[in-house]
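As provided, protein-v2.cif (mmCIF, N, CA and C atoms and all ligand atoms) reads as follows.
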data_query
loop_
_atom_site.label_atom_id
_atom_site.label_comp_id
_atom_site.auth_asym_id
_atom_site.auth_seq_id
_atom_site.Cartn_x
_atom_site.Cartn_y
_atom_site.Cartn_z
N MET J 12 3.85 25.46 -55.00
CA MET J 12 2.48 25.18 -54.57
C MET J 12 1.92 24.03 -55.40
N ILE J 13 1.27 23.11 -54.72
CA ILE J 13 0.59 22.03 -55.43
C ILE J 13 -0.87 22.43 -55.59
N LEU J 14 -1.28 22.58 -56.82
CA LEU J 14 -2.64 23.02 -57.11
C LEU J 14 -3.57 21.81 -57.15
N PRO J 15 -4.59 21.78 -56.29
CA PRO J 15 -5.55 20.66 -56.36
C PRO J 15 -6.21 20.60 -57.73
N LYS J 16 -6.59 19.41 -58.16
CA LYS J 16 -7.24 19.24 -59.47
C LYS J 16 -8.74 19.48 -59.41
N THR J 17 -9.28 19.41 -58.19
CA THR J 17 -10.71 19.64 -58.02
C THR J 17 -10.96 20.38 -56.71
N VAL J 18 -12.13 20.99 -56.64
CA VAL J 18 -12.59 21.60 -55.39
C VAL J 18 -14.11 21.46 -55.38
N ARG J 19 -14.67 21.29 -54.18
CA ARG J 19 -16.13 21.24 -54.06
C ARG J 19 -16.63 22.59 -53.60
N VAL J 20 -17.61 23.10 -54.33
CA VAL J 20 -18.29 24.33 -53.92
C VAL J 20 -19.78 24.01 -53.94
N ALA J 21 -20.45 24.26 -52.84
CA ALA J 21 -21.88 23.94 -52.72
C ALA J 21 -22.15 22.47 -53.04
N GLY J 22 -21.20 21.62 -52.70
CA GLY J 22 -21.36 20.19 -52.94
C GLY J 22 -21.11 19.75 -54.37
N VAL J 23 -20.75 20.70 -55.22
CA VAL J 23 -20.54 20.39 -56.64
C VAL J 23 -19.04 20.25 -56.89
N PRO J 24 -18.61 19.11 -57.46
CA PRO J 24 -17.20 18.97 -57.79
C PRO J 24 -16.82 19.85 -58.99
N ILE J 25 -15.79 20.63 -58.81
CA ILE J 25 -15.35 21.56 -59.85
C ILE J 25 -13.92 21.23 -60.21
N LYS J 26 -13.68 21.13 -61.52
CA LYS J 26 -12.32 20.88 -61.99
C LYS J 26 -11.51 22.17 -61.97
N ILE J 27 -10.23 22.05 -61.66
CA ILE J 27 -9.31 23.18 -61.74
C ILE J 27 -8.26 22.83 -62.78
N VAL J 28 -8.20 23.62 -63.84
CA VAL J 28 -7.24 23.31 -64.90
C VAL J 28 -6.40 24.55 -65.24
N LEU J 29 -5.20 24.29 -65.68
CA LEU J 29 -4.30 25.35 -66.12
C LEU J 29 -4.27 25.37 -67.64
N GLN J 30 -4.37 26.57 -68.21
CA GLN J 30 -4.28 26.72 -69.66
C GLN J 30 -3.52 28.00 -69.98
N GLU J 31 -2.99 28.05 -71.18
CA GLU J 31 -2.35 29.28 -71.65
C GLU J 31 -3.43 30.30 -71.96
N LEU J 32 -3.51 31.35 -71.14
CA LEU J 32 -4.51 32.42 -71.36
C LEU J 32 -3.82 33.74 -71.66
N ASP J 33 -2.51 33.76 -71.64
CA ASP J 33 -1.73 34.99 -71.86
C ASP J 33 -2.12 36.10 -70.90
N GLY J 34 -2.57 35.73 -69.71
CA GLY J 34 -2.84 36.72 -68.67
C GLY J 34 -4.07 37.59 -68.89
N ASP J 35 -4.87 37.29 -69.89
CA ASP J 35 -6.06 38.10 -70.15
C ASP J 35 -7.22 37.19 -70.56
N PRO J 36 -8.05 36.78 -69.66
CA PRO J 36 -8.02 37.06 -68.23
C PRO J 36 -7.02 36.15 -67.52
N TYR J 37 -6.85 36.38 -66.21
CA TYR J 37 -6.00 35.49 -65.42
C TYR J 37 -6.67 34.14 -65.24
N GLY J 38 -8.00 34.16 -65.29
CA GLY J 38 -8.72 32.91 -65.13
C GLY J 38 -10.19 33.13 -65.41
N TYR J 39 -10.93 32.04 -65.50
CA TYR J 39 -12.38 32.16 -65.64
C TYR J 39 -13.05 30.91 -65.09
N TRP J 40 -14.35 31.06 -64.87
CA TRP J 40 -15.16 29.98 -64.32
C TRP J 40 -16.21 29.63 -65.36
N SER J 41 -16.38 28.35 -65.64
CA SER J 41 -17.42 27.90 -66.56
C SER J 41 -18.45 27.08 -65.79
N LEU J 42 -19.63 27.64 -65.64
CA LEU J 42 -20.72 26.92 -64.96
C LEU J 42 -21.09 25.66 -65.76
N ASP J 43 -21.19 25.80 -67.08
CA ASP J 43 -21.57 24.66 -67.93
C ASP J 43 -20.61 23.49 -67.78
N ARG J 44 -19.32 23.81 -67.71
CA ARG J 44 -18.29 22.75 -67.64
C ARG J 44 -17.88 22.43 -66.21
N ARG J 45 -18.44 23.18 -65.24
CA ARG J 45 -18.06 23.00 -63.83
C ARG J 45 -16.54 23.00 -63.71
N THR J 46 -15.96 24.03 -64.30
CA THR J 46 -14.51 24.10 -64.39
C THR J 46 -14.01 25.52 -64.13
N ILE J 47 -12.92 25.60 -63.37
CA ILE J 47 -12.18 26.85 -63.21
C ILE J 47 -10.91 26.71 -64.02
N VAL J 48 -10.70 27.66 -64.93
CA VAL J 48 -9.50 27.66 -65.76
C VAL J 48 -8.60 28.80 -65.29
N LEU J 49 -7.34 28.47 -65.05
CA LEU J 49 -6.37 29.46 -64.58
C LEU J 49 -5.22 29.54 -65.58
N ASP J 50 -4.70 30.75 -65.76
CA ASP J 50 -3.56 30.94 -66.66
C ASP J 50 -2.36 30.17 -66.11
N LEU J 51 -1.79 29.34 -66.94
CA LEU J 51 -0.69 28.49 -66.46
C LEU J 51 0.57 29.26 -66.13
N ASN J 52 0.62 30.54 -66.50
CA ASN J 52 1.79 31.35 -66.16
C ASN J 52 1.69 31.99 -64.77
N LEU J 53 0.53 31.86 -64.14
CA LEU J 53 0.38 32.43 -62.80
C LEU J 53 1.13 31.58 -61.78
N THR J 54 1.67 32.28 -60.77
CA THR J 54 2.35 31.56 -59.69
C THR J 54 1.98 32.22 -58.36
N GLY J 55 2.24 31.51 -57.28
CA GLY J 55 2.15 32.06 -55.94
C GLY J 55 0.88 32.83 -55.65
N LYS J 56 1.07 34.08 -55.17
CA LYS J 56 -0.04 34.91 -54.71
C LYS J 56 -1.07 35.15 -55.82
N GLN J 57 -0.59 35.42 -57.03
CA GLN J 57 -1.52 35.68 -58.13
C GLN J 57 -2.37 34.46 -58.44
N LEU J 58 -1.76 33.30 -58.38
CA LEU J 58 -2.48 32.06 -58.65
C LEU J 58 -3.53 31.82 -57.56
N ARG J 59 -3.13 32.00 -56.30
CA ARG J 59 -4.07 31.81 -55.18
C ARG J 59 -5.23 32.80 -55.27
N GLU J 60 -4.91 34.06 -55.55
CA GLU J 60 -5.95 35.08 -55.60
C GLU J 60 -6.91 34.85 -56.76
N THR J 61 -6.38 34.41 -57.88
CA THR J 61 -7.24 34.16 -59.04
C THR J 61 -8.14 32.96 -58.78
N LEU J 62 -7.57 31.91 -58.18
CA LEU J 62 -8.38 30.74 -57.82
C LEU J 62 -9.49 31.16 -56.86
N CYS J 63 -9.15 31.94 -55.86
CA CYS J 63 -10.13 32.43 -54.89
C CYS J 63 -11.24 33.21 -55.60
N HIS J 64 -10.86 34.12 -56.48
CA HIS J 64 -11.81 34.94 -57.23
C HIS J 64 -12.79 34.05 -58.02
N GLU J 65 -12.25 33.06 -58.71
CA GLU J 65 -13.11 32.20 -59.53
C GLU J 65 -13.97 31.29 -58.66
N MET J 66 -13.46 30.90 -57.50
CA MET J 66 -14.28 30.08 -56.58
C MET J 66 -15.46 30.89 -56.03
N ILE J 67 -15.26 32.18 -55.82
CA ILE J 67 -16.38 33.03 -55.37
C ILE J 67 -17.42 33.12 -56.50
N HIS J 68 -16.96 33.32 -57.74
CA HIS J 68 -17.89 33.31 -58.88
C HIS J 68 -18.68 32.00 -58.89
N ALA J 69 -17.98 30.90 -58.69
CA ALA J 69 -18.65 29.59 -58.70
C ALA J 69 -19.71 29.52 -57.61
N ALA J 70 -19.36 29.99 -56.40
CA ALA J 70 -20.32 29.94 -55.28
C ALA J 70 -21.55 30.79 -55.58
N LEU J 71 -21.34 31.98 -56.14
CA LEU J 71 -22.48 32.85 -56.44
C LEU J 71 -23.35 32.26 -57.55
N ASP J 72 -22.72 31.66 -58.54
CA ASP J 72 -23.50 31.02 -59.62
C ASP J 72 -24.26 29.80 -59.09
N LEU J 73 -23.57 28.97 -58.32
CA LEU J 73 -24.20 27.74 -57.84
C LEU J 73 -25.29 28.02 -56.81
N SER J 74 -25.19 29.16 -56.14
CA SER J 74 -26.25 29.54 -55.21
C SER J 74 -27.46 30.08 -55.96
N GLY J 75 -27.22 30.51 -57.20
CA GLY J 75 -28.29 31.09 -58.01
C GLY J 75 -28.39 32.60 -57.89
N ILE J 76 -27.72 33.17 -56.88
CA ILE J 76 -27.86 34.61 -56.63
C ILE J 76 -27.36 35.46 -57.80
N SER J 77 -26.33 34.99 -58.49
CA SER J 77 -25.77 35.81 -59.56
C SER J 77 -26.67 35.88 -60.79
N PHE J 78 -27.75 35.08 -60.78
CA PHE J 78 -28.69 35.13 -61.93
C PHE J 78 -29.85 36.07 -61.67
N ALA J 79 -29.88 36.68 -60.49
CA ALA J 79 -30.92 37.68 -60.20
C ALA J 79 -30.71 38.87 -61.14
N LYS J 80 -31.81 39.41 -61.63
CA LYS J 80 -31.73 40.53 -62.59
C LYS J 80 -30.97 41.71 -61.98
N GLY J 81 -29.97 42.18 -62.70
CA GLY J 81 -29.22 43.35 -62.26
C GLY J 81 -28.19 43.07 -61.17
N PHE J 82 -27.99 41.79 -60.84
CA PHE J 82 -27.03 41.47 -59.78
C PHE J 82 -25.63 41.93 -60.19
N PRO J 83 -24.98 42.72 -59.33
CA PRO J 83 -23.63 43.23 -59.68
C PRO J 83 -22.57 42.17 -59.38
N ASP J 84 -22.43 41.24 -60.30
CA ASP J 84 -21.60 40.06 -60.11
C ASP J 84 -20.14 40.40 -59.78
N GLU J 85 -19.49 41.13 -60.68
CA GLU J 85 -18.05 41.39 -60.49
C GLU J 85 -17.78 42.24 -59.24
N PRO J 86 -18.52 43.34 -59.00
CA PRO J 86 -18.27 44.10 -57.77
C PRO J 86 -18.51 43.26 -56.52
N THR J 87 -19.47 42.36 -56.55
CA THR J 87 -19.74 41.52 -55.39
C THR J 87 -18.57 40.57 -55.15
N VAL J 88 -18.10 39.94 -56.22
CA VAL J 88 -16.95 39.03 -56.09
C VAL J 88 -15.75 39.79 -55.53
N ARG J 89 -15.51 40.99 -56.05
CA ARG J 89 -14.34 41.76 -55.61
C ARG J 89 -14.47 42.22 -54.16
N ALA J 90 -15.68 42.55 -53.74
CA ALA J 90 -15.89 42.95 -52.34
C ALA J 90 -15.62 41.78 -51.40
N ILE J 91 -16.11 40.61 -51.76
CA ILE J 91 -15.86 39.43 -50.92
C ILE J 91 -14.37 39.12 -50.89
N GLU J 92 -13.77 39.16 -52.09
CA GLU J 92 -12.36 38.79 -52.23
C GLU J 92 -11.43 39.78 -51.52
N THR J 93 -11.66 41.05 -51.70
CA THR J 93 -10.68 42.04 -51.23
C THR J 93 -11.02 42.61 -49.85
N LEU J 94 -12.28 42.54 -49.44
CA LEU J 94 -12.66 43.13 -48.16
C LEU J 94 -12.99 42.06 -47.12
N PHE J 95 -13.89 41.16 -47.48
CA PHE J 95 -14.31 40.18 -46.48
C PHE J 95 -13.24 39.13 -46.18
N LEU J 96 -12.68 38.50 -47.23
CA LEU J 96 -11.76 37.39 -46.98
C LEU J 96 -10.51 37.77 -46.18
N PRO J 97 -9.86 38.91 -46.49
CA PRO J 97 -8.70 39.28 -45.64
C PRO J 97 -9.10 39.47 -44.19
N ALA J 98 -10.27 40.06 -43.95
CA ALA J 98 -10.74 40.25 -42.57
C ALA J 98 -10.99 38.90 -41.90
N TRP J 99 -11.57 37.97 -42.66
CA TRP J 99 -11.85 36.64 -42.12
C TRP J 99 -10.56 35.87 -41.83
N GLU J 100 -9.59 36.00 -42.74
CA GLU J 100 -8.30 35.33 -42.52
C GLU J 100 -7.61 35.87 -41.26
N ARG J 101 -7.67 37.19 -41.06
CA ARG J 101 -7.09 37.77 -39.83
C ARG J 101 -7.83 37.24 -38.60
N MET J 102 -9.15 37.15 -38.72
CA MET J 102 -9.94 36.66 -37.59
C MET J 102 -9.60 35.20 -37.29
N GLN J 103 -9.43 34.39 -38.34
CA GLN J 103 -9.08 32.98 -38.12
C GLN J 103 -7.76 32.85 -37.37
N LYS J 104 -6.78 33.69 -37.73
CA LYS J 104 -5.48 33.66 -37.03
C LYS J 104 -5.67 34.01 -35.56
N ARG J 105 -6.50 35.01 -35.29
CA ARG J 105 -6.74 35.41 -33.90
C ARG J 105 -7.46 34.30 -33.15
N LEU J 106 -8.38 33.63 -33.83
CA LEU J 106 -9.11 32.54 -33.17
C LEU J 106 -8.17 31.38 -32.84
N LYS J 107 -7.26 31.07 -33.78
CA LYS J 107 -6.29 30.00 -33.54
C LYS J 107 -5.34 30.36 -32.41
N ALA J 108 -5.07 31.65 -32.27
CA ALA J 108 -4.13 32.10 -31.24
C ALA J 108 -4.77 32.10 -29.85
N THR J 109 -6.06 31.92 -29.83
CA THR J 109 -6.75 31.89 -28.53
C THR J 109 -6.32 30.64 -27.78
N PRO J 110 -5.67 30.79 -26.63
CA PRO J 110 -5.09 29.62 -25.95
C PRO J 110 -6.12 28.66 -25.38
N ASN J 111 -7.23 29.16 -24.97
CA ASN J 111 -8.18 28.30 -24.28
C ASN J 111 -9.58 28.61 -24.82
N GLU J 112 -10.22 27.58 -25.31
CA GLU J 112 -11.55 27.74 -25.91
C GLU J 112 -12.52 28.43 -24.94
N LYS J 113 -12.42 28.10 -23.66
CA LYS J 113 -13.33 28.68 -22.66
C LYS J 113 -13.10 30.18 -22.51
N ASP J 114 -11.81 30.58 -22.64
CA ASP J 114 -11.49 32.00 -22.53
C ASP J 114 -12.15 32.79 -23.66
N PHE J 115 -12.15 32.18 -24.85
CA PHE J 115 -12.74 32.87 -26.00
C PHE J 115 -14.25 32.96 -25.88
N LYS J 116 -14.85 31.87 -25.48
CA LYS J 116 -16.31 31.84 -25.42
C LYS J 116 -16.87 32.64 -24.24
N GLY J 117 -16.04 32.83 -23.24
CA GLY J 117 -16.52 33.48 -22.03
C GLY J 117 -17.21 32.44 -21.15
N LYS J 118 -17.57 32.85 -19.97
CA LYS J 118 -18.19 31.90 -19.05
C LYS J 118 -19.67 31.73 -19.35
N ASP J 119 -20.10 30.51 -19.28
CA ASP J 119 -21.52 30.23 -19.56
C ASP J 119 -22.39 30.57 -18.36
ZN ZN A 201 -14.52 38.00 -62.00
#

Whole structure, structure tokens version:
Amino acid sequence: MILPKTVRVAGVPIKIVLQELDGDPYGYWSLDRRTIVLDLNLTGKQLRETLCHEMIHAALDLSGISFAKGFPDEPTVRAIETLFLPAWERMQKRLKATPNEKDFKGKD
């Protein structure tokens, strides 16, 4: 997998860097540095999932919602990551499999 060096979230350019973290944590997001740091020992699915997790943290921070008093940051990230995204990915595959745009939309 070729890991991009940057990603835009909410229009903000974010650096993606690999560092030796010894797997604890697998990665982290720094709002101050606009950087996602991932353990350089991660590969494949773990690397993708950790990047996804940190990008959700970035989105919640950049939206400002995660600074609301008592906001359950980690459970929210995990719910989006483990419940919403797999459902959305399945839906995207079904949408791509739709042979005719008109069939999907129905008749106007
Ligand atoms: Zn987290």

Select from chain J every residue with an atom at most 8 Å from any atom of ligand ZN 201 (chain A), then for each give the shortest pair of atoms and their distance in Å to one decimal, using only N, CA and C atoms and all ligand atoms, rows by chain and rising number, as JSON lines.
{"residue": "J:Gly38", "atom": "C", "partner": "A:ZN201", "partner_atom": "ZN", "distance": 7.4}
{"residue": "J:Tyr39", "atom": "CA", "partner": "A:ZN201", "partner_atom": "ZN", "distance": 7.2}
{"residue": "J:Trp40", "atom": "N", "partner": "A:ZN201", "partner_atom": "ZN", "distance": 7.5}
{"residue": "J:His64", "atom": "C", "partner": "A:ZN201", "partner_atom": "ZN", "distance": 5.9}
{"residue": "J:Glu65", "atom": "N", "partner": "A:ZN201", "partner_atom": "ZN", "distance": 6.4}
{"residue": "J:Ile67", "atom": "C", "partner": "A:ZN201", "partner_atom": "ZN", "distance": 7.9}
{"residue": "J:His68", "atom": "CA", "partner": "A:ZN201", "partner_atom": "ZN", "distance": 6.6}
{"residue": "J:Asp84", "atom": "C", "partner": "A:ZN201", "partner_atom": "ZN", "distance": 6.5}
{"residue": "J:Glu85", "atom": "CA", "partner": "A:ZN201", "partner_atom": "ZN", "distance": 5.1}
{"residue": "J:Pro86", "atom": "N", "partner": "A:ZN201", "partner_atom": "ZN", "distance": 7.3}
{"residue": "J:Val88", "atom": "CA", "partner": "A:ZN201", "partner_atom": "ZN", "distance": 6.5}
{"residue": "J:Arg89", "atom": "N", "partner": "A:ZN201", "partner_atom": "ZN", "distance": 6.7}

Please report, as a PDB file with N, CA and C atoms, keeping the file's coordinate frame, each residue of chain J to which DSSP assigns strand (DSSP E or B) when run on this structure's backbone.
ATOM      1  N   THR J  17      -9.280  19.410 -58.190  1.00  0.00           N
ATOM      2  CA  THR J  17     -10.710  19.640 -58.020  1.00  0.00           C
ATOM      3  C   THR J  17     -10.960  20.380 -56.710  1.00  0.00           C
ATOM      4  N   VAL J  18     -12.130  20.990 -56.640  1.00  0.00           N
ATOM      5  CA  VAL J  18     -12.590  21.600 -55.390  1.00  0.00           C
ATOM      6  C   VAL J  18     -14.110  21.460 -55.380  1.00  0.00           C
ATOM      7  N   ARG J  19     -14.670  21.290 -54.180  1.00  0.00           N
ATOM      8  CA  ARG J  19     -16.130  21.240 -54.060  1.00  0.00           C
ATOM      9  C   ARG J  19     -16.630  22.590 -53.600  1.00  0.00           C
ATOM     10  N   VAL J  20     -17.610  23.100 -54.330  1.00  0.00           N
ATOM     11  CA  VAL J  20     -18.290  24.330 -53.920  1.00  0.00           C
ATOM     12  C   VAL J  20     -19.780  24.010 -53.940  1.00  0.00           C
ATOM     13  N   VAL J  23     -20.750  20.700 -55.220  1.00  0.00           N
ATOM     14  CA  VAL J  23     -20.540  20.390 -56.640  1.00  0.00           C
ATOM     15  C   VAL J  23     -19.040  20.250 -56.890  1.00  0.00           C
ATOM     16  N   PRO J  24     -18.610  19.110 -57.460  1.00  0.00           N
ATOM     17  CA  PRO J  24     -17.200  18.970 -57.790  1.00  0.00           C
ATOM     18  C   PRO J  24     -16.820  19.850 -58.990  1.00  0.00           C
ATOM     19  N   ILE J  25     -15.790  20.630 -58.810  1.00  0.00           N
ATOM     20  CA  ILE J  25     -15.350  21.560 -59.850  1.00  0.00           C
ATOM     21  C   ILE J  25     -13.920  21.230 -60.210  1.00  0.00           C
ATOM     22  N   LYS J  26     -13.680  21.130 -61.520  1.00  0.00           N
ATOM     23  CA  LYS J  26     -12.320  20.880 -61.990  1.00  0.00           C
ATOM     24  C   LYS J  26     -11.510  22.170 -61.970  1.00  0.00           C
ATOM     25  N   ILE J  27     -10.230  22.050 -61.660  1.00  0.00           N
ATOM     26  CA  ILE J  27      -9.310  23.180 -61.740  1.00  0.00           C
ATOM     27  C   ILE J  27      -8.260  22.830 -62.780  1.00  0.00           C
ATOM     28  N   VAL J  28      -8.200  23.620 -63.840  1.00  0.00           N
ATOM     29  CA  VAL J  28      -7.240  23.310 -64.900  1.00  0.00           C
ATOM     30  C   VAL J  28      -6.400  24.550 -65.240  1.00  0.00           C
ATOM     31  N   LEU J  29      -5.200  24.290 -65.680  1.00  0.00           N
ATOM     32  CA  LEU J  29      -4.300  25.350 -66.120  1.00  0.00           C
ATOM     33  C   LEU J  29      -4.270  25.370 -67.640  1.00  0.00           C
ATOM     34  N   GLN J  30      -4.370  26.570 -68.210  1.00  0.00           N
ATOM     35  CA  GLN J  30      -4.280  26.720 -69.660  1.00  0.00           C
ATOM     36  C   GLN J  30      -3.520  28.000 -69.980  1.00  0.00           C
ATOM     37  N   GLY J  38      -8.000  34.160 -65.290  1.00  0.00           N
ATOM     38  CA  GLY J  38      -8.720  32.910 -65.130  1.00  0.00           C
ATOM     39  C   GLY J  38     -10.190  33.130 -65.410  1.00  0.00           C
ATOM     40  N   TYR J  39     -10.930  32.040 -65.500  1.00  0.00           N
ATOM     41  CA  TYR J  39     -12.380  32.160 -65.640  1.00  0.00           C
ATOM     42  C   TYR J  39     -13.050  30.910 -65.090  1.00  0.00           C
ATOM     43  N   TRP J  40     -14.350  31.060 -64.870  1.00  0.00           N
ATOM     44  CA  TRP J  40     -15.160  29.980 -64.320  1.00  0.00           C
ATOM     45  C   TRP J  40     -16.210  29.630 -65.360  1.00  0.00           C
ATOM     46  N   SER J  41     -16.380  28.350 -65.640  1.00  0.00           N
ATOM     47  CA  SER J  41     -17.420  27.900 -66.560  1.00  0.00           C
ATOM     48  C   SER J  41     -18.450  27.080 -65.790  1.00  0.00           C
ATOM     49  N   THR J  46     -15.960  24.030 -64.300  1.00  0.00           N
ATOM     50  CA  THR J  46     -14.510  24.100 -64.390  1.00  0.00           C
ATOM     51  C   THR J  46     -14.010  25.520 -64.130  1.00  0.00           C
ATOM     52  N   ILE J  47     -12.920  25.600 -63.370  1.00  0.00           N
ATOM     53  CA  ILE J  47     -12.180  26.850 -63.210  1.00  0.00           C
ATOM     54  C   ILE J  47     -10.910  26.710 -64.020  1.00  0.00           C
ATOM     55  N   VAL J  48     -10.700  27.660 -64.930  1.00  0.00           N
ATOM     56  CA  VAL J  48      -9.500  27.660 -65.760  1.00  0.00           C
ATOM     57  C   VAL J  48      -8.600  28.800 -65.290  1.00  0.00           C
ATOM     58  N   LEU J  49      -7.340  28.470 -65.050  1.00  0.00           N
ATOM     59  CA  LEU J  49      -6.370  29.460 -64.580  1.00  0.00           C
ATOM     60  C   LEU J  49      -5.220  29.540 -65.580  1.00  0.00           C
ATOM     61  N   ASP J  50      -4.700  30.750 -65.760  1.00  0.00           N
ATOM     62  CA  ASP J  50      -3.560  30.940 -66.660  1.00  0.00           C
ATOM     63  C   ASP J  50      -2.360  30.170 -66.110  1.00  0.00           C
TER      64      ASP J  50
END

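Closest approach to Ile13 (chain J) among J:Arg101, J:Ser41, J:Ile47, J:Arg59: J:Arg59, based on only C-alpha atoms.
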
- request: Using atom N of Ala108 (chain J) and atom C of Met66 (chain J) as the two end points, give the distance in Å to one decimal.
  value: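 For atom N of Ala108 (chain J) relative to atom C of Met66 (chain J), the distance reads 25.9 Å.
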
- request: Output as number ranges by chain all residues of chain J that backbone DSSP marks as helix (DSSP H, G or I).
  value: J: 55-74, 76-78, 84-108, 112-116

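Take atom C of Ser74 (chain J) and CA of Lys26 (chain J): the distance between them is 18.7 Å.
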
query: When you draw a straight line from CA of Asp72 (chain J) to atom C of Leu58 (chain J), how long is it in Å?
result: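 Atom C of Leu58 (chain J) lies 20.1 Å from CA of Asp72 (chain J).
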
query: Hey, which of J:Gln103, J:Thr61, J:Thr54, J:Thr46 ends up closest to Val28 (chain J)? Count only C-alpha atoms.
result: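 The shortest atom-to-atom distance to Val28 (chain J) comes from J:Thr46.
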
- request: Have a look at J:Glu100, J:Phe95, J:Ala70, J:Lys107 and name the one nearest to Val20 (chain J); count only N, CA and C atoms.
  value: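 Using only N, CA and C atoms, the shortest distance to Val20 (chain J) belongs to J:Ala70.
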
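Residue nearest Gln30 (chain J) within the list J:Thr109, J:Leu14, J:Arg45, J:Leu53: J:Leu53 [criterion: smallest interatomic distance, only C-alpha atoms].
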
field: Among listed residues J:Met12, J:Val48, J:Leu42, J:Leu106, nearest Leu29 (chain J) (using all atoms listed in the file)
entry: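 The answer is J:Val48, which sits nearest to Leu29 (chain J).
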